[in-house]
$ cat final.txt   # compact mmCIF, C-alpha atoms
# COMPACT_ATOMS: atom_id res chain seq x y z
CA MET C 14 17.98 60.68 26.21
CA LYS C 15 19.95 63.55 27.67
CA GLY C 16 16.92 64.99 29.41
CA TRP C 17 16.19 61.60 30.88
CA LEU C 18 19.76 61.33 32.23
CA GLU C 19 19.45 64.78 33.80
CA TRP C 20 16.23 63.76 35.49
CA PHE C 21 17.90 60.60 36.83
CA LYS C 22 20.80 62.63 38.24
CA THR C 23 18.61 65.11 40.08
CA HIS C 24 16.44 62.32 41.49
CA LEU C 25 19.25 59.94 42.41
CA HIS C 26 18.62 60.46 46.12
CA TRP C 27 15.13 59.01 45.65
CA PHE C 28 16.62 55.72 44.50
CA VAL C 29 19.18 55.67 47.31
CA PHE C 30 16.37 56.35 49.78
CA LEU C 31 14.21 53.53 48.40
CA ALA C 32 17.13 51.07 48.36
CA LEU C 33 18.13 51.82 51.98
CA GLU C 34 14.54 51.73 53.18
CA ALA C 35 13.96 48.40 51.42
CA THR C 36 17.12 46.96 53.01
CA SER C 37 15.96 48.05 56.48
CA LEU C 38 12.47 46.66 56.04
CA VAL C 39 13.74 43.33 54.75
CA MET C 40 15.98 43.10 57.82
CA LEU C 41 13.12 44.05 60.09
CA PHE C 42 10.65 41.51 58.76
CA ARG C 43 13.01 38.73 57.76
CA PHE C 44 14.36 38.60 61.30
CA ASN C 45 10.95 37.86 62.70
CA ILE C 46 10.22 35.09 60.23
CA PHE C 47 13.61 33.33 59.97
CA HIS C 48 16.28 33.07 62.59
CA HIS C 49 19.40 33.15 60.48
CA SER C 50 20.50 36.76 60.64
CA VAL C 51 23.31 36.09 63.09
CA TRP C 52 25.50 38.87 61.72
CA ALA C 53 22.87 41.55 62.22
CA THR C 54 22.26 40.97 65.91
CA GLN C 55 24.06 40.69 69.19
CA THR C 56 25.41 37.25 68.30
CA ASN C 57 27.76 39.17 66.01
CA ALA C 58 31.11 38.57 67.72
CA VAL C 59 32.31 42.20 67.87
CA VAL C 60 29.01 43.51 69.16
CA ALA C 61 28.78 40.73 71.72
CA LYS C 62 32.30 41.45 72.98
CA VAL C 63 31.53 45.13 73.57
CA LEU C 64 28.32 44.25 75.37
CA GLU C 65 30.20 41.72 77.48
CA TRP C 66 32.72 44.34 78.65
CA GLU C 67 29.87 46.61 79.50
CA SER C 68 28.06 43.90 81.39
CA ASP C 69 31.24 43.07 83.33
CA MET C 70 31.45 46.69 84.40
CA HIS C 71 27.84 46.72 85.50
CA SER C 72 28.05 43.47 87.44
CA TYR C 73 31.09 44.80 89.27
CA LEU C 74 29.10 47.84 90.35
CA GLN C 75 26.25 45.63 91.47
CA LEU C 76 28.32 43.18 93.51
CA LYS C 77 27.06 44.48 96.82
CA GLU C 78 23.44 44.11 95.85
CA ALA C 79 24.11 40.68 94.37
CA ASN C 80 25.77 39.61 97.59
CA GLU C 81 22.82 40.64 99.71
CA GLN C 82 20.50 38.83 97.38
CA LEU C 83 22.62 35.68 97.62
CA VAL C 84 22.60 35.78 101.39
CA ASP C 85 18.81 36.09 101.38
CA GLU C 86 18.49 33.28 98.88
CA ASN C 87 20.85 31.14 100.91
CA LEU C 88 18.74 31.56 104.03
CA VAL C 89 15.60 30.55 102.18
CA LEU C 90 17.35 27.57 100.62
CA MET C 91 18.77 26.41 103.94
CA HIS C 92 15.32 26.64 105.44
CA ASN C 93 13.77 24.71 102.54
CA ASN C 94 16.52 22.17 102.75
CA GLN C 95 15.76 21.56 106.40
CA ILE C 96 12.04 21.13 105.69
CA LEU C 97 12.74 18.74 102.84
CA ARG C 98 15.20 16.75 104.87
CA ASP C 99 12.62 16.38 107.65
CA GLU C 100 10.01 15.25 105.17
CA LEU C 101 12.40 12.84 103.56
CA ALA C 102 13.33 11.40 106.91
CA ALA C 103 9.62 10.95 107.68
CA LEU C 104 9.08 9.11 104.42
CA LYS C 105 12.26 7.11 104.51
CA HIS C 106 11.24 4.66 107.21
CA ASP C 107 8.57 3.35 104.80
CA THR C 108 10.84 3.08 101.85
CA SER C 109 14.14 4.27 100.49
CA TYR C 110 12.47 4.14 97.09
CA VAL C 111 11.52 7.85 97.25
CA GLU C 112 15.09 8.99 97.51
CA THR C 113 16.32 6.96 94.57
CA LEU C 114 13.37 8.19 92.51
CA MET C 115 14.18 11.81 93.27
CA LEU C 116 17.84 11.41 92.47
CA GLU C 117 16.96 9.74 89.20
CA HIS C 118 14.67 12.62 88.28
CA LEU C 119 17.37 15.21 88.95
CA ALA C 120 20.11 13.21 87.25
CA ASP C 121 18.26 13.60 83.96
CA VAL C 122 18.53 17.37 84.05
CA LYS C 123 21.87 18.96 83.27
CA MET C 124 22.29 22.67 83.94
CA ILE C 125 24.62 25.02 82.06
CA PRO C 126 25.22 28.20 84.07
CA ALA C 127 25.25 31.35 81.91
CA ARG C 128 25.34 35.09 82.33
CA VAL C 129 23.03 37.64 80.74
CA ILE C 130 25.09 40.07 78.70
CA SER C 131 22.22 41.97 77.17
CA ASN C 132 18.56 42.25 77.94
CA SER C 133 15.62 44.37 76.88
CA VAL C 134 12.12 44.74 78.30
CA ARG C 135 10.98 47.77 76.35
CA MET C 136 9.91 46.05 73.12
CA LYS C 137 7.02 43.78 72.35
CA ASP C 138 9.56 41.18 71.15
CA ASN C 139 12.27 41.23 73.77
CA ILE C 140 15.45 39.18 73.45
CA ILE C 141 18.04 38.14 76.02
CA THR C 142 21.65 37.43 75.02
CA LEU C 143 23.65 34.87 77.01
CA ASP C 144 27.44 34.42 77.11
CA LYS C 145 27.26 30.67 76.42
CA GLY C 146 26.90 29.07 73.00
CA THR C 147 27.11 25.79 71.14
CA LEU C 148 30.69 25.19 72.35
CA ASP C 149 29.36 25.18 75.93
CA GLY C 150 26.61 22.73 75.02
CA VAL C 151 23.76 25.21 74.56
CA ARG C 152 21.39 24.19 71.76
CA GLU C 153 18.31 25.75 70.26
CA GLU C 154 15.01 24.95 72.03
CA MET C 155 16.63 24.50 75.45
CA GLY C 156 14.86 25.96 78.46
CA VAL C 157 16.34 28.82 80.49
CA VAL C 158 15.64 29.29 84.21
CA SER C 159 16.91 31.59 86.93
CA GLY C 160 17.13 30.91 90.65
CA THR C 161 13.49 31.86 91.10
CA GLY C 162 11.76 30.42 88.04
CA VAL C 163 11.33 30.11 84.31
CA VAL C 164 12.91 32.75 82.03
CA GLY C 165 12.43 31.55 78.44
CA ILE C 166 13.65 29.33 75.61
CA VAL C 167 16.90 29.46 73.59
CA TYR C 168 16.16 30.12 69.94
CA GLN C 169 19.45 30.93 68.26
CA CYS C 170 23.05 29.97 69.03
CA SER C 171 26.47 30.95 67.79
CA PRO C 172 29.65 29.23 69.05
CA HIS C 173 30.03 31.55 72.07
CA TYR C 174 26.71 33.30 72.50
CA SER C 175 23.02 32.54 72.32
CA LEU C 176 19.74 34.42 72.06
CA VAL C 177 16.83 33.60 74.34
CA LEU C 178 13.16 34.21 73.66
CA PRO C 179 12.00 35.23 77.16
CA ILE C 180 8.41 35.06 78.44
CA LEU C 181 8.34 38.80 77.60
CA ASN C 182 8.15 38.21 73.85
CA SER C 183 4.95 38.11 71.86
CA HIS C 184 6.10 34.90 70.12
CA SER C 185 6.79 33.08 73.39
CA SER C 186 4.35 30.44 74.53
CA ILE C 187 5.17 28.08 77.39
CA SER C 188 3.05 25.13 78.46
CA CYS C 189 2.12 25.55 82.14
CA ARG C 190 -0.22 23.92 84.65
CA LEU C 191 -1.70 24.74 88.03
CA ARG C 192 0.28 23.00 90.76
CA GLY C 193 -1.55 20.02 92.23
CA THR C 194 -3.94 19.69 89.30
CA ASP C 195 -3.59 18.49 85.75
CA PHE C 196 -5.21 21.56 84.20
CA PHE C 197 -2.75 23.07 81.77
CA GLY C 198 -2.62 25.96 79.32
CA SER C 199 -0.15 28.15 77.51
CA LEU C 200 1.53 31.16 79.08
CA THR C 201 1.82 34.25 76.86
CA TRP C 202 2.69 37.90 77.30
CA LYS C 203 0.69 40.87 76.00
CA GLY C 204 3.09 43.73 76.54
CA GLY C 205 2.78 46.28 79.33
CA SER C 206 4.01 45.25 82.77
CA THR C 207 7.08 43.03 82.72
CA LEU C 208 5.84 41.14 85.78
CA ASP C 209 2.48 39.96 84.44
CA ALA C 210 1.77 37.23 81.89
CA TYR C 211 -1.42 35.39 80.97
CA LEU C 212 -2.28 31.70 81.17
CA ASN C 213 -4.88 30.71 78.59
CA GLY C 214 -6.93 27.59 78.05
CA ILE C 215 -7.80 26.59 81.63
CA PRO C 216 -11.27 24.97 81.33
CA LEU C 217 -14.25 26.52 83.14
CA HIS C 218 -14.74 23.49 85.40
CA ALA C 219 -11.22 23.81 86.88
CA ARG C 220 -11.14 24.62 90.60
CA PHE C 221 -8.41 26.91 91.89
CA ARG C 222 -7.86 30.11 93.85
CA VAL C 223 -6.04 33.39 93.41
CA GLY C 224 -2.54 32.78 94.77
CA ASP C 225 -2.28 29.24 93.41
CA VAL C 226 1.12 28.29 91.98
CA VAL C 227 1.64 28.05 88.22
CA GLU C 228 4.43 25.66 87.14
CA THR C 229 5.73 24.11 83.91
CA SER C 230 3.69 21.15 82.71
CA GLY C 231 6.49 19.13 81.13
CA HIS C 232 4.32 18.61 78.03
CA SER C 233 6.64 20.52 75.75
CA SER C 234 9.83 18.61 76.73
CA VAL C 235 11.70 21.94 76.85
CA PHE C 236 11.25 22.22 80.62
CA PRO C 237 10.98 19.32 83.03
CA GLU C 238 7.66 19.42 84.85
CA GLY C 239 7.19 21.30 88.09
CA ILE C 240 9.43 24.35 87.62
CA PHE C 241 8.03 27.43 89.31
CA VAL C 242 6.66 30.13 86.98
CA GLY C 243 4.55 32.41 89.13
CA LYS C 244 1.27 32.81 91.00
CA VAL C 245 -2.29 33.47 89.85
CA SER C 246 -3.07 37.11 90.60
CA GLU C 247 -6.38 37.64 88.83
CA VAL C 248 -9.02 35.44 87.17
CA LEU C 249 -10.46 36.68 83.86
CA SER C 250 -12.45 34.90 81.19
CA SER C 251 -11.06 34.40 77.70
CA ALA C 252 -12.29 36.45 74.75
CA ASP C 253 -14.63 33.71 73.52
CA GLY C 254 -15.84 32.87 77.04
CA THR C 255 -15.10 29.14 76.77
CA SER C 256 -12.19 29.08 79.20
CA TYR C 257 -10.48 31.02 81.96
CA GLU C 258 -7.67 33.46 81.31
CA LEU C 259 -5.47 33.78 84.38
CA LYS C 260 -3.28 36.76 85.05
CA VAL C 261 0.00 35.39 86.42
CA ARG C 262 2.45 37.37 88.53
CA LEU C 263 5.83 36.04 87.35
CA SER C 264 8.34 34.97 89.98
CA VAL C 265 11.31 36.17 87.90
CA ASP C 266 11.89 39.87 87.38
CA ILE C 267 13.31 39.58 83.87
CA ALA C 268 14.22 43.27 83.84
CA THR C 269 16.94 42.74 86.47
CA LEU C 270 18.19 39.33 85.39
CA ARG C 271 21.95 38.51 85.63
CA ASN C 272 22.67 34.82 86.19
CA VAL C 273 20.65 32.03 84.62
CA ASN C 274 20.86 28.28 83.95
CA VAL C 275 20.22 26.62 80.62
CA ILE C 276 18.44 23.29 81.06
CA GLU C 277 19.53 20.38 78.99
CA ASN C 278 16.89 17.67 78.84
CA PRO C 279 18.43 14.48 77.43
CA GLU C 280 14.98 12.95 77.00
CA LYS C 281 14.02 15.70 74.58
CA ALA C 282 15.55 14.07 71.50
CA GLU C 283 13.78 10.82 72.31
CA LEU C 284 10.44 12.56 72.81
CA ASP C 285 10.81 14.58 69.63
CA THR C 286 11.56 11.46 67.59
CA LEU C 287 8.45 9.80 69.00
CA ARG C 288 6.31 12.81 68.14
CA ALA C 289 7.74 13.04 64.64
CA ASN C 290 6.91 9.36 64.18
CA ILE C 291 3.31 9.99 65.19
CA VAL C 292 2.99 12.82 62.70
CA ARG C 293 4.45 10.62 59.98
CA THR C 294 2.07 7.74 60.77
CA GLU C 295 -0.87 10.11 60.64
CA ALA C 296 0.26 11.47 57.33
CA LEU C 297 0.28 8.01 55.75
CA MET B 6 35.59 66.97 52.47
CA ILE B 7 37.77 64.45 54.33
CA ILE B 8 37.73 66.58 57.45
CA GLU B 9 33.97 66.78 57.19
CA ASN B 10 33.70 62.98 57.02
CA ILE B 11 36.07 62.42 59.93
CA LYS B 12 34.01 64.81 61.99
CA ARG B 13 30.85 62.93 61.02
CA LEU B 14 32.44 59.59 61.94
CA TRP B 15 33.39 60.97 65.34
CA GLN B 16 29.86 62.22 65.92
CA LEU B 17 28.50 58.83 64.87
CA ILE B 18 30.74 56.94 67.30
CA LEU B 19 29.91 59.28 70.18
CA LEU B 20 26.17 59.07 69.60
CA LEU B 21 26.33 55.28 69.18
CA ALA B 22 28.23 54.92 72.46
CA LEU B 23 25.87 57.27 74.26
CA GLN B 24 22.84 55.37 72.99
CA VAL B 25 24.11 51.83 73.58
CA LEU B 26 26.02 52.27 76.82
CA LEU B 27 23.73 54.74 78.57
CA MET B 28 20.35 55.41 76.99
CA ASN B 29 19.42 51.76 76.31
CA HIS B 30 19.53 51.19 80.06
CA ILE B 31 17.05 53.90 80.92
CA HIS B 32 13.50 52.60 81.09
CA ILE B 33 11.00 54.93 82.67
CA MET B 34 8.26 52.79 84.22
CA GLY B 35 9.26 49.87 81.99
CA TYR B 36 8.21 51.79 78.90
CA GLY B 37 10.28 54.30 76.98
CA SER B 38 14.00 54.81 76.48
CA PRO B 39 15.46 57.99 74.98
CA LEU B 40 16.55 57.57 71.34
CA VAL B 41 19.35 60.10 71.32
CA TYR B 42 21.15 59.00 68.14
CA VAL B 43 18.60 60.92 66.05
CA ALA B 44 20.66 64.00 66.94
CA LEU B 45 23.04 63.11 64.09
CA LEU B 46 20.49 64.47 61.63
CA LEU B 47 20.71 67.91 63.26
CA TYR B 48 24.41 68.20 62.42
CA PHE B 49 24.13 68.20 58.62
CA PRO B 50 24.60 71.70 57.15
CA VAL B 51 22.24 73.31 54.66
CA ASN B 52 22.70 72.15 51.04
CA SER B 53 24.70 69.06 52.00
CA ASN B 54 24.55 66.14 49.60
CA ARG B 55 21.27 64.31 50.22
CA ILE B 56 22.74 60.93 49.35
CA VAL B 57 25.55 61.39 51.86
CA THR B 58 23.01 62.34 54.53
CA LEU B 59 20.96 59.22 53.76
CA LEU B 60 24.00 56.92 53.93
CA TRP B 61 25.28 58.30 57.25
CA SER B 62 21.84 58.07 58.85
CA PHE B 63 21.28 54.55 57.61
CA ALA B 64 24.71 53.51 58.91
CA LEU B 65 24.08 54.88 62.39
CA GLY B 66 20.58 53.35 62.50
CA ALA B 67 21.92 49.95 61.46
CA LEU B 68 24.70 50.10 64.08
CA VAL B 69 22.26 51.01 66.84
CA ASP B 70 20.10 48.08 65.68
CA MET B 71 23.02 45.67 65.96
CA PHE B 72 23.56 46.63 69.58
CA SER B 73 19.88 46.64 70.51
CA ASN B 74 18.75 43.43 68.76
CA THR B 75 16.29 45.31 66.58
CA PRO B 76 17.58 44.68 63.03
CA GLY B 77 16.26 47.19 60.52
CA LEU B 78 14.09 49.13 62.95
CA SER B 79 16.18 52.22 63.73
CA ALA B 80 17.74 52.03 60.26
CA ALA B 81 14.33 52.28 58.59
CA ALA B 82 13.19 55.16 60.79
CA MET B 83 16.49 57.05 60.42
CA THR B 84 16.52 56.72 56.62
CA PHE B 85 12.94 57.92 56.47
CA VAL B 86 13.67 61.06 58.50
CA ALA B 87 16.97 61.68 56.67
CA PHE B 88 15.01 61.79 53.43
CA LEU B 89 12.68 64.51 54.72
CA GLN B 90 15.24 66.47 56.78
CA PRO B 91 16.59 68.81 54.01
CA ASN B 92 13.08 70.10 53.27
CA TRP B 93 12.44 71.14 56.86
CA LEU B 94 15.88 72.68 57.17
CA LYS B 95 15.30 74.81 54.07
CA MET B 96 11.92 75.89 55.36
CA TRP B 97 13.32 77.31 58.61
CA THR B 98 16.67 78.64 57.44
CA PRO B 99 16.79 82.45 57.66
CA LYS B 100 17.03 84.10 54.20
CA ASP B 101 20.30 85.91 54.88
CA SER B 102 22.31 82.96 56.20
CA LEU B 103 25.44 81.36 54.72
CA GLU B 104 25.28 78.92 51.82
CA ASP B 105 26.53 76.04 54.01
CA MET B 106 25.14 77.10 57.38
CA THR B 107 25.38 74.52 60.16
CA PRO B 108 22.02 74.52 61.91
CA ASN B 109 22.05 75.45 65.59
CA TYR B 110 20.14 77.99 67.67
CA ARG B 111 22.72 80.71 67.03
CA THR B 112 22.50 80.52 63.24
CA MET B 113 18.80 79.74 62.99
CA GLY B 114 17.38 81.45 66.04
CA VAL B 115 16.13 79.56 69.11
CA TRP B 116 12.53 79.26 67.98
CA ASN B 117 13.27 78.01 64.46
CA HIS B 118 15.86 75.57 65.72
CA LEU B 119 13.53 74.14 68.37
CA ARG B 120 10.83 73.64 65.75
CA TYR B 121 13.31 71.93 63.44
CA LEU B 122 14.58 69.65 66.23
CA THR B 123 11.07 68.78 67.43
CA VAL B 124 9.80 67.87 63.98
CA ILE B 125 12.78 65.58 63.32
CA LEU B 126 12.38 63.79 66.65
CA LEU B 127 8.61 63.54 66.26
CA PHE B 128 8.75 61.95 62.81
CA HIS B 129 11.48 59.56 63.90
CA HIS B 130 9.57 58.36 66.96
CA VAL B 131 6.31 57.93 65.07
CA ALA B 132 8.05 55.87 62.38
CA TYR B 133 10.05 53.87 64.93
CA PHE B 134 7.15 52.91 67.16
CA LEU B 135 4.72 52.20 64.30
CA LEU B 136 7.27 49.86 62.71
CA GLU B 137 8.13 48.22 66.00
CA SER B 138 4.51 47.48 66.84
CA PHE B 139 3.37 46.52 63.39
CA SER B 140 0.96 43.96 64.77
CA PHE B 141 0.50 45.37 68.24
CA TYR B 142 -3.11 45.68 69.28
CA ASN B 143 -2.32 47.36 72.59
CA LEU B 144 -2.72 50.95 71.42
CA PRO B 145 -2.63 52.80 74.80
CA ASP B 146 0.66 51.06 75.68
CA LEU B 147 2.11 52.00 72.31
CA GLY B 148 1.15 55.66 72.74
CA MET B 149 2.56 55.65 76.25
CA ALA B 150 5.89 54.16 75.13
CA ALA B 151 6.19 56.53 72.17
CA GLY B 152 5.23 59.57 74.27
CA ILE B 153 7.60 58.87 77.16
CA SER B 154 10.40 58.02 74.77
CA PHE B 155 9.81 61.19 72.74
CA GLY B 156 9.89 63.39 75.85
CA LEU B 157 13.13 61.82 77.06
CA SER B 158 14.79 62.05 73.63
CA TRP B 159 13.74 65.67 73.25
CA ALA B 160 15.24 66.63 76.61
CA SER B 161 18.50 64.72 75.90
CA VAL B 162 18.93 66.24 72.45
CA VAL B 163 18.33 69.78 73.75
CA VAL B 164 20.91 69.16 76.49
CA LEU B 165 23.36 67.87 73.85
CA GLU B 166 22.84 71.01 71.75
CA ILE B 167 23.45 73.25 74.75
CA LEU B 168 26.63 71.30 75.54
CA ARG B 169 27.80 71.71 71.95
CA TYR B 170 27.31 75.44 71.57
CA GLY B 171 27.15 76.84 75.10
CA ARG B 172 24.27 78.94 76.37

$ encode --input "final.txt" --output "structure tokens"
Amino acid sequence: MKGWLEWFKTHLHWFVFLALEATSLVMLFRFNIFHHSVWATQTNAVVAKVLEWESDMHSYLQLKEANEQLVDENLVLMHNNQILRDELAALKHDTSYVETLMLEHLADVKMIPARVISNSVRMKDNIITLDKGTLDGVREEMGVVSGTGVVGIVYQCSPHYSLVLPILNSHSSISCRLRGTDFFGSLTWKGGSTLDAYLNGIPLHARFRVGDVVETSGHSSVFPEGIFVGKVSEVLSSADGTSYELKVRLSVDIATLRNVNVIENPEKAELDTLRANIVRTEAL
Amino acid sequence: MIIENIKRLWQLILLLALQVLLMNHIHIMGYGSPLVYVALLLYFPVNSNRIVTLLWSFALGALVDMFSNTPGLSAAAMTFVAFLQPNWLKMWTPKDSLEDMTPNYRTMGVWNHLRYLTVILLFHHVAYFLLESFSFYNLPDLGMAAGISFGLSWASVVVLEILRYGR
């Protein structure tokens, strides 16, 4: 008995080691399976506050750059606005129906502006933290866009902060289509460059060119249809050879992201209920 | 004992701040960032309590994880290296040194200390990147990230050591 106790004393550090290692590994793998470890991540209030101060400091230093970018964006927008207004004017003499239709479409979509307070691009499962949470109306499964295109999907919220699963995460999959066609597939990321993602599942009889625009399909109800994602930069064939795999150059540089909008789609709840009903009917 | 712990806490806060506020923002070619917090393991003297070493390392790893959204990753790698660290330190400690020698290149000699530092960083990075990419099939990218990150960490830790003890 005494010898056994001695042995236990001299080997105590083995048990401490195993306990700590087990704790770490449970945290590591549990986080990927469930999304409830709020305290262990940047949604933790103290951690988020520190990161917010830091982000404030950074954005102050980058004001000049941000300003230039805004001016550029403004020019482009003014130009686009003019083109659209001309087109609208051309259409309007037929019918004022187009205008009402467009306004209706936009009225459905509510945007919640948010700021990125932490971002990573180094991992295979990158996460973005935003400074808006449930109290600001952000909910899980909402889409996130920036001024130039799609960023990702909200997957965890605390009252003041939320975590976003960006395109640059191996678990992200966003339903996209080629603009002007109805061919759609899912957009995934395979690591490596933060500007390239892959669109899978485009059938072999689809006709398109390198440089064609990839946009959201609206099938998933997270994003309304027609939001810019990127452009086709290379055409490859999928591993099993039954469809195309398109390399897509993303329009958003997620590595330098600051300001984003969370999209609230009021039709989502309705759509989800419908889909749940279908599943239930099939199960019967 | 208390003074020792206060010193350790101070080192932990400094390394955490350095990692989270500075190093996490350095991405060379979109790949590696330096993981400088590993330096904490270099500060434990010979014959220090192994359990204490394990607990400090786990704590720092877990804190870095909180700030980097990687729960468990750094903590697992740090604990792993903290478990092996005393063996390497014993191996390269000169025979005639003090009972509680603090390892640096004055007490150990430049060559021994560099070997000690390199092995600690190497094991940490291998553990870290293998755990991070548990299901990653993109092997060249993984090697690239680990390699770049290791190089950057190595340089930062050597600079830190020089700052601590002078040339």

$ closest_residue --input "final.txt" --among "B:Leu17, B:Val51, B:Leu46, B:Leu59" --to "chain C" --atoms "all atoms listed in the file"
B:Leu59

$ atom_distance --input "final.txt" --atom1 "atom CA of C:Glu238" --atom2 "atom CA of C:Ser188"
9.7 Å

$ atom_distance --input "final.txt" --atom1 "atom CA of C:Gly16" --atom2 "atom CA of C:Val29"
20.3 Å

$ closest_atom_pairs --input "final.txt" --of "chain B" --to "chain C" --cutoff "6 Å" --atoms "only C-alpha atoms" --output "CSV"
residue,atom,partner,partner_atom,distance
B:Tyr36,CA,C:Arg135,CA,5.5
B:Ile56,CA,C:His26,CA,5.3
B:Met71,CA,C:Thr54,CA,4.8
B:Phe72,CA,C:Gln55,CA,6.0
B:Asn74,CA,C:Thr54,CA,5.1
B:Pro76,CA,C:Leu41,CA,5.4
B:Gly77,CA,C:Ser37,CA,4.1
B:Leu78,CA,C:Leu41,CA,5.9
B:Ala80,CA,C:Ser37,CA,5.8
B:Ala81,CA,C:Ser37,CA,5.0

$ residues_around --input "final.txt" --residues "B:Thr58" --least-positions-apart "3" --cutoff "8 Å" --atoms "only C-alpha atoms" --output "list of chain:residue names"
B:Leu46, B:Phe49, B:Ser53, B:Asn54, B:Arg55, B:Trp61, B:Ser62, B:Ala87

$ residues_around --input "final.txt" --residues "stretch 93-95 of chain B" --least-positions-apart "6" --cutoff "10 Å" --atoms "all atoms listed in the file" --output "PDB file with C-alpha atoms, keeping the file's coordinate frame"
ATOM      1  CA  LEU B  47      20.710  67.910  63.260  1.00  0.00           C
ATOM      2  CA  PHE B  49      24.130  68.200  58.620  1.00  0.00           C
ATOM      3  CA  PRO B  50      24.600  71.700  57.150  1.00  0.00           C
ATOM      4  CA  VAL B  51      22.240  73.310  54.660  1.00  0.00           C
ATOM      5  CA  ASN B  52      22.700  72.150  51.040  1.00  0.00           C
ATOM      6  CA  PRO B 108      22.020  74.520  61.910  1.00  0.00           C
ATOM      7  CA  MET B 113      18.800  79.740  62.990  1.00  0.00           C
ATOM      8  CA  ASN B 117      13.270  78.010  64.460  1.00  0.00           C
ATOM      9  CA  HIS B 118      15.860  75.570  65.720  1.00  0.00           C
ATOM     10  CA  ARG B 120      10.830  73.640  65.750  1.00  0.00           C
ATOM     11  CA  TYR B 121      13.310  71.930  63.440  1.00  0.00           C
ATOM     12  CA  LEU B 122      14.580  69.650  66.230  1.00  0.00           C
ATOM     13  CA  VAL B 124       9.800  67.870  63.980  1.00  0.00           C
ATOM     14  CA  ILE B 125      12.780  65.580  63.320  1.00  0.00           C
TER      15      ILE B 125
END

$ atom_distance --input "final.txt" --atom1 "atom CA of C:Val129" --atom2 "atom CA of C:Gly160"
13.4 Å

$ residues_near_point --input "final.txt" --point "(19.9, 73.3, 71.5)" --cutoff "8 Å" --atoms "only C-alpha atoms" --output "list in words"
Asn109, Tyr110, Val115, His118, Leu119, Val162, Val163, Val164, Leu165, Glu166, Ile167 and Tyr170 of chain B

$ residues_around --input "final.txt" --residues "B:Thr112" --least-positions-apart "4" --cutoff "9 Å" --atoms "all atoms listed in the file" --output "ChimeraX atom specification"
/B:98-99,102,106-108,118

$ closest_residue --input "final.txt" --among "C:Ala210, C:Val151, C:Leu83, C:Val226" --to "C:Pro179" --atoms "all atoms listed in the file"
C:Ala210

$ residues_around --input "final.txt" --residues "stretch 142-155 of chain B" --least-positions-apart "2" --cutoff "12 Å" --atoms "only C-alpha atoms" --output "VMD selection string"
(chain C and resid 134 to 137 183 202 to 206) or (chain B and resid 28 to 29 31 to 41 43 122 to 140 157 to 162)

$ decode --input "final.txt" --residues "stretch 128-140 of chain C" --atoms "N, CA and C atoms" --output "short mmCIF file (atom, residue, chain, number, x, y, z; two decimals), in the first residue's frame"
data_model
loop_
_atom_site.label_atom_id
_atom_site.label_comp_id
_atom_site.auth_asym_id
_atom_site.auth_seq_id
_atom_site.Cartn_x
_atom_site.Cartn_y
_atom_site.Cartn_z
N ARG C 128 -19.57 45.78 -37.42
CA ARG C 128 -18.14 45.97 -37.63
C ARG C 128 -17.40 44.69 -37.24
N VAL C 129 -16.37 44.36 -38.02
CA VAL C 129 -15.56 43.19 -37.71
C VAL C 129 -14.62 43.54 -36.58
N ILE C 130 -14.69 42.80 -35.46
CA ILE C 130 -13.73 43.11 -34.40
C ILE C 130 -12.64 42.07 -34.31
N SER C 131 -12.80 40.94 -34.98
CA SER C 131 -11.71 39.99 -35.05
C SER C 131 -11.90 39.12 -36.27
N ASN C 132 -10.79 38.73 -36.85
CA ASN C 132 -10.86 38.02 -38.12
C ASN C 132 -9.63 37.14 -38.22
N SER C 133 -9.74 35.98 -38.84
CA SER C 133 -8.55 35.19 -39.09
C SER C 133 -8.65 34.61 -40.48
N VAL C 134 -7.53 34.41 -41.15
CA VAL C 134 -7.54 33.79 -42.47
C VAL C 134 -6.51 32.68 -42.53
N ARG C 135 -5.84 32.43 -41.40
CA ARG C 135 -4.70 31.55 -41.38
C ARG C 135 -5.12 30.09 -41.24
N MET C 136 -6.29 29.85 -40.62
CA MET C 136 -6.71 28.50 -40.29
C MET C 136 -7.43 27.85 -41.45
N LYS C 137 -7.79 26.57 -41.26
CA LYS C 137 -8.68 25.97 -42.25
C LYS C 137 -10.12 26.27 -41.87
N ASP C 138 -10.38 26.52 -40.56
CA ASP C 138 -11.72 26.90 -40.12
C ASP C 138 -11.66 28.30 -39.55
N ASN C 139 -11.76 29.30 -40.42
CA ASN C 139 -11.65 30.67 -39.96
C ASN C 139 -12.98 31.16 -39.42
N ILE C 140 -12.92 32.11 -38.50
CA ILE C 140 -14.11 32.66 -37.87
C ILE C 140 -13.98 34.18 -37.85
#
